[in-house]
Amino acid sequence: MFGRKKHSGKASVQTVAKKPASSAFPQFWNSDTLTAAERGLYSALREAVPVIDAAIGKIVRLSGGFRLVTEDRRAQKLADDFVKNVAVNSAGMGLGGFVSAYLDSLLTFGEAVGEMIPSPDGRGISALYNASLDDVELSFGENPLDLRVSVKGCGENSPVKYPQLVVAGILNQKSGKPRGTSILAGLPFVSSIMLRILESLKTNWERIGDVRFAVTCSPGADGVFTEENARLIADEWKKAMRSDTVCDFVALGDVSIKAIGADNQLPDCEVPVRVILEQIVAKLGIPPFLLGLSWSSTERMSAQQADILTSELEFYRSAVEPAIRKIAGMHLRLCGFNCGFDVEWDNINLQDEVELSQARLNNANALKTEREVGLEVMDE
């Protein structure tokens, strides 16, 4: 038998375009990342459409908390203290706060970057930082299996000095590109239609809701109507229309008053807005009743929507768990523990716990009844 040669390094990828031998702008090679314009658009969508912002906030909160379960009992107390008390950004505390901001960035932009700051004595991680995507850029390294995080500079981006202290996540990564896909992708078009409808509704209410009047004064029998007479009528009308007092409008001659726009009706926008909201809710994957939309639905339908939401939340948990594992593993190793650990998430649906408890109670009652019936049969 022939012995196999051991090779060091990572395997190369065959299905990737070759890097040009010479390039005037090597920093742009494989740097197809989310642009600042796209990030600004997604941020503006969250500000302009409250339903979108509410849905992302609920996904982050409904994802729930977690705890680290270590194999070494001595490391368990250290892990619990780290999850609860690690400093986050400038004023936060707890690994859960970092994960919430990390998941928020993943959902909104499809990408998220964070950094671990070791303690001065090198004993563990002292703080965590959620990096702004405006300050960093994700790209492929020498191998497309390597994700490189670079800091943006004046004309040239430089890779981070200690990549082992940086965590990066990509949601629904596009094939062959170092960029993710925001859950808001596809919503700018339908959201622009809804905003246009609401803007026109606002304009129509300003025109029709705030009643304006047209005052027409015809000249008398002599046919004389001077500018002074028109000014007097205008002054009397302004006094009559003042909101701080009540008075009568007195004028001479043939005067007619008509409300402008009184014959017009506001267009019904309920149906088109609901159609657009259905598109938005379908894209975000949140049941309508969680967003305050009282659409008709049966109890069974609501239960099915809750089950679908559970699967969505489990998917988002799997997207942030690698970052949790990298951070927790780094902290334990710096503290001298090389033991394994698991990430245990809180239960998503309390209704499942209630049903399980009810099933256990029913089984216990059935077992008790069977025993009582068995004793009665033995006594006979």
# chains A, B, ... in the order shown; residues from 1 in each chain; ligands from 1

call {"tool": "residues_around", "arguments": {"residues": "stretch 112-126 of chain A", "least_positions_apart": "6", "cutoff": "6 Å", "atoms": "only C-alpha atoms", "output": "PDB file with all heavy atoms, in the first residue's frame"}}
result
ATOM      1  N   TYR A 102     -26.942  42.272  16.009  1.00  0.00           N
ATOM      2  CA  TYR A 102     -26.353  41.477  14.928  1.00  0.00           C
ATOM      3  C   TYR A 102     -27.447  40.932  14.021  1.00  0.00           C
ATOM      4  O   TYR A 102     -27.367  41.026  12.786  1.00  0.00           O
ATOM      5  CB  TYR A 102     -25.539  40.349  15.553  1.00  0.00           C
ATOM      6  CG  TYR A 102     -24.697  39.540  14.602  1.00  0.00           C
ATOM      7  CD1 TYR A 102     -23.409  39.946  14.259  1.00  0.00           C
ATOM      8  CD2 TYR A 102     -25.170  38.345  14.066  1.00  0.00           C
ATOM      9  CE1 TYR A 102     -22.630  39.183  13.407  1.00  0.00           C
ATOM     10  CE2 TYR A 102     -24.396  37.585  13.210  1.00  0.00           C
ATOM     11  CZ  TYR A 102     -23.129  38.005  12.889  1.00  0.00           C
ATOM     12  OH  TYR A 102     -22.354  37.247  12.040  1.00  0.00           O
ATOM     13  N   SER A 105     -29.157  43.691  11.907  1.00  0.00           N
ATOM     14  CA  SER A 105     -28.378  44.038  10.718  1.00  0.00           C
ATOM     15  C   SER A 105     -28.499  42.961   9.642  1.00  0.00           C
ATOM     16  O   SER A 105     -28.598  43.267   8.453  1.00  0.00           O
ATOM     17  CB  SER A 105     -26.909  44.234  11.104  1.00  0.00           C
ATOM     18  OG  SER A 105     -26.109  44.528   9.976  1.00  0.00           O
ATOM     19  N   LEU A 106     -28.527  41.695  10.062  1.00  0.00           N
ATOM     20  CA  LEU A 106     -28.685  40.611   9.093  1.00  0.00           C
ATOM     21  C   LEU A 106     -30.009  40.723   8.359  1.00  0.00           C
ATOM     22  O   LEU A 106     -30.079  40.555   7.142  1.00  0.00           O
ATOM     23  CB  LEU A 106     -28.603  39.255   9.808  1.00  0.00           C
ATOM     24  CG  LEU A 106     -27.230  38.610   9.990  1.00  0.00           C
ATOM     25  CD1 LEU A 106     -27.389  37.274  10.690  1.00  0.00           C
ATOM     26  CD2 LEU A 106     -26.525  38.417   8.665  1.00  0.00           C
ATOM     27  N   LEU A 165     -10.640  37.811  15.701  1.00  0.00           N
ATOM     28  CA  LEU A 165     -11.463  38.527  16.661  1.00  0.00           C
ATOM     29  C   LEU A 165     -12.699  39.160  16.013  1.00  0.00           C
ATOM     30  O   LEU A 165     -13.422  39.900  16.676  1.00  0.00           O
ATOM     31  CB  LEU A 165     -10.651  39.628  17.352  1.00  0.00           C
ATOM     32  CG  LEU A 165      -9.478  39.158  18.218  1.00  0.00           C
ATOM     33  CD1 LEU A 165      -8.730  40.350  18.788  1.00  0.00           C
ATOM     34  CD2 LEU A 165      -9.966  38.253  19.341  1.00  0.00           C
ATOM     35  N   VAL A 166     -12.922  38.877  14.754  1.00  0.00           N
ATOM     36  CA  VAL A 166     -14.043  39.466  14.016  1.00  0.00           C
ATOM     37  C   VAL A 166     -15.020  38.359  13.630  1.00  0.00           C
ATOM     38  O   VAL A 166     -14.606  37.277  13.195  1.00  0.00           O
ATOM     39  CB  VAL A 166     -13.545  40.202  12.758  1.00  0.00           C
ATOM     40  CG1 VAL A 166     -14.729  40.734  11.942  1.00  0.00           C
ATOM     41  CG2 VAL A 166     -12.630  41.350  13.150  1.00  0.00           C
ATOM     42  N   VAL A 167     -16.291  38.630  13.819  1.00  0.00           N
ATOM     43  CA  VAL A 167     -17.346  37.703  13.391  1.00  0.00           C
ATOM     44  C   VAL A 167     -18.150  38.392  12.288  1.00  0.00           C
ATOM     45  O   VAL A 167     -18.443  39.584  12.371  1.00  0.00           O
ATOM     46  CB  VAL A 167     -18.269  37.298  14.562  1.00  0.00           C
ATOM     47  CG1 VAL A 167     -17.532  36.438  15.549  1.00  0.00           C
ATOM     48  CG2 VAL A 167     -18.865  38.516  15.255  1.00  0.00           C
ATOM     49  N   ALA A 168     -18.469  37.637  11.260  1.00  0.00           N
ATOM     50  CA  ALA A 168     -19.236  38.171  10.134  1.00  0.00           C
ATOM     51  C   ALA A 168     -20.276  37.151   9.727  1.00  0.00           C
ATOM     52  O   ALA A 168     -20.024  35.943   9.732  1.00  0.00           O
ATOM     53  CB  ALA A 168     -18.311  38.508   8.960  1.00  0.00           C
ATOM     54  N   GLY A 169     -21.451  37.644   9.394  1.00  0.00           N
ATOM     55  CA  GLY A 169     -22.536  36.767   8.981  1.00  0.00           C
ATOM     56  C   GLY A 169     -23.171  37.271   7.699  1.00  0.00           C
ATOM     57  O   GLY A 169     -23.236  38.477   7.449  1.00  0.00           O
ATOM     58  N   HIS A 331     -13.905  33.174  24.176  1.00  0.00           N
ATOM     59  CA  HIS A 331     -13.855  33.591  25.580  1.00  0.00           C
ATOM     60  C   HIS A 331     -13.414  32.440  26.477  1.00  0.00           C
ATOM     61  O   HIS A 331     -12.565  32.628  27.372  1.00  0.00           O
ATOM     62  CB  HIS A 331     -15.227  34.103  26.002  1.00  0.00           C
ATOM     63  CG  HIS A 331     -15.290  34.533  27.437  1.00  0.00           C
ATOM     64  ND1 HIS A 331     -14.645  35.652  27.918  1.00  0.00           N
ATOM     65  CD2 HIS A 331     -15.921  33.970  28.517  1.00  0.00           C
ATOM     66  CE1 HIS A 331     -14.871  35.786  29.207  1.00  0.00           C
ATOM     67  NE2 HIS A 331     -15.640  34.775  29.594  1.00  0.00           N
ATOM     68  N   LEU A 334      -9.643  31.718  25.966  1.00  0.00           N
ATOM     69  CA  LEU A 334      -8.791  32.726  26.595  1.00  0.00           C
ATOM     70  C   LEU A 334      -8.782  32.599  28.112  1.00  0.00           C
ATOM     71  O   LEU A 334      -7.810  33.013  28.764  1.00  0.00           O
ATOM     72  CB  LEU A 334      -9.252  34.129  26.191  1.00  0.00           C
ATOM     73  CG  LEU A 334      -9.012  34.526  24.725  1.00  0.00           C
ATOM     74  CD1 LEU A 334      -9.578  35.915  24.450  1.00  0.00           C
ATOM     75  CD2 LEU A 334      -7.525  34.490  24.388  1.00  0.00           C
ATOM     76  N   CYS A 335      -9.851  32.045  28.663  1.00  0.00           N
ATOM     77  CA  CYS A 335      -9.916  31.837  30.109  1.00  0.00           C
ATOM     78  C   CYS A 335      -9.331  30.495  30.544  1.00  0.00           C
ATOM     79  O   CYS A 335      -9.381  30.151  31.734  1.00  0.00           O
ATOM     80  CB  CYS A 335     -11.365  31.932  30.589  1.00  0.00           C
ATOM     81  SG  CYS A 335     -12.074  33.590  30.457  1.00  0.00           S
TER      82      CYS A 335
END

call {"tool": "residues_around", "arguments": {"residues": "A:Ala234", "least_positions_apart": "6", "cutoff": "12 Å", "atoms": "only C-alpha atoms", "output": "list in words"}}
result
Phe213, Ala214, Val215, Thr216, Cys217, Glu227, Glu228, Ala240, Met241, Phe249, Val250, Ala251 and Val255 of chain A

call {"tool": "select_by_dssp", "arguments": {"residues": "stretch 74-144 of chain A", "states": "alpha helix (DSSP H)", "output": "PyMOL selection string"}}
result
chain A and resi 74-85+95-109

call {"tool": "atom_distance", "arguments": {"atom1": "atom CA of A:Trp205", "atom2": "atom CA of A:Ala259"}}
result
14.3 Å

call {"tool": "closest_residue", "arguments": {"among": "A:Asp104, A:Asp342, A:Asp80, A:Glu156", "to": "A:Leu184", "atoms": "only C-alpha atoms"}}
result
A:Asp104

call {"tool": "closest_residue", "arguments": {"among": "A:Gly96, A:Pro267, A:Pro50, A:Gly340", "to": "A:Arg67", "atoms": "only C-alpha atoms"}}
result
A:Gly96

call {"tool": "select_by_dssp", "arguments": {"residues": "stretch 78-191 of chain A", "states": "strand (DSSP E or B)", "output": "number ranges by chain"}}
result
A: 87-88, 92-93, 111-118, 125-130, 136-140, 147-151, 158-159, 166-170

call {"tool": "closest_residue", "arguments": {"among": "A:Lys58, A:Asn365, A:Phe337, A:Lys326", "to": "A:Gln164", "atoms": "only C-alpha atoms"}}
result
A:Lys326

call {"tool": "closest_residue", "arguments": {"among": "A:Ser100, A:Glu38, A:Val60, A:Arg73", "to": "A:Ala323", "atoms": "only C-alpha atoms"}}
result
A:Ser100

call {"tool": "closest_residue", "arguments": {"among": "A:Val273, A:Ala75, A:Ile348, A:Ile280", "to": "A:Leu313", "atoms": "only C-alpha atoms"}}
result
A:Ile348

call {"tool": "closest_residue", "arguments": {"among": "A:Ala364, A:Leu103, A:Ile276, A:Val51", "to": "A:Leu293", "atoms": "only C-alpha atoms"}}
result
A:Val51
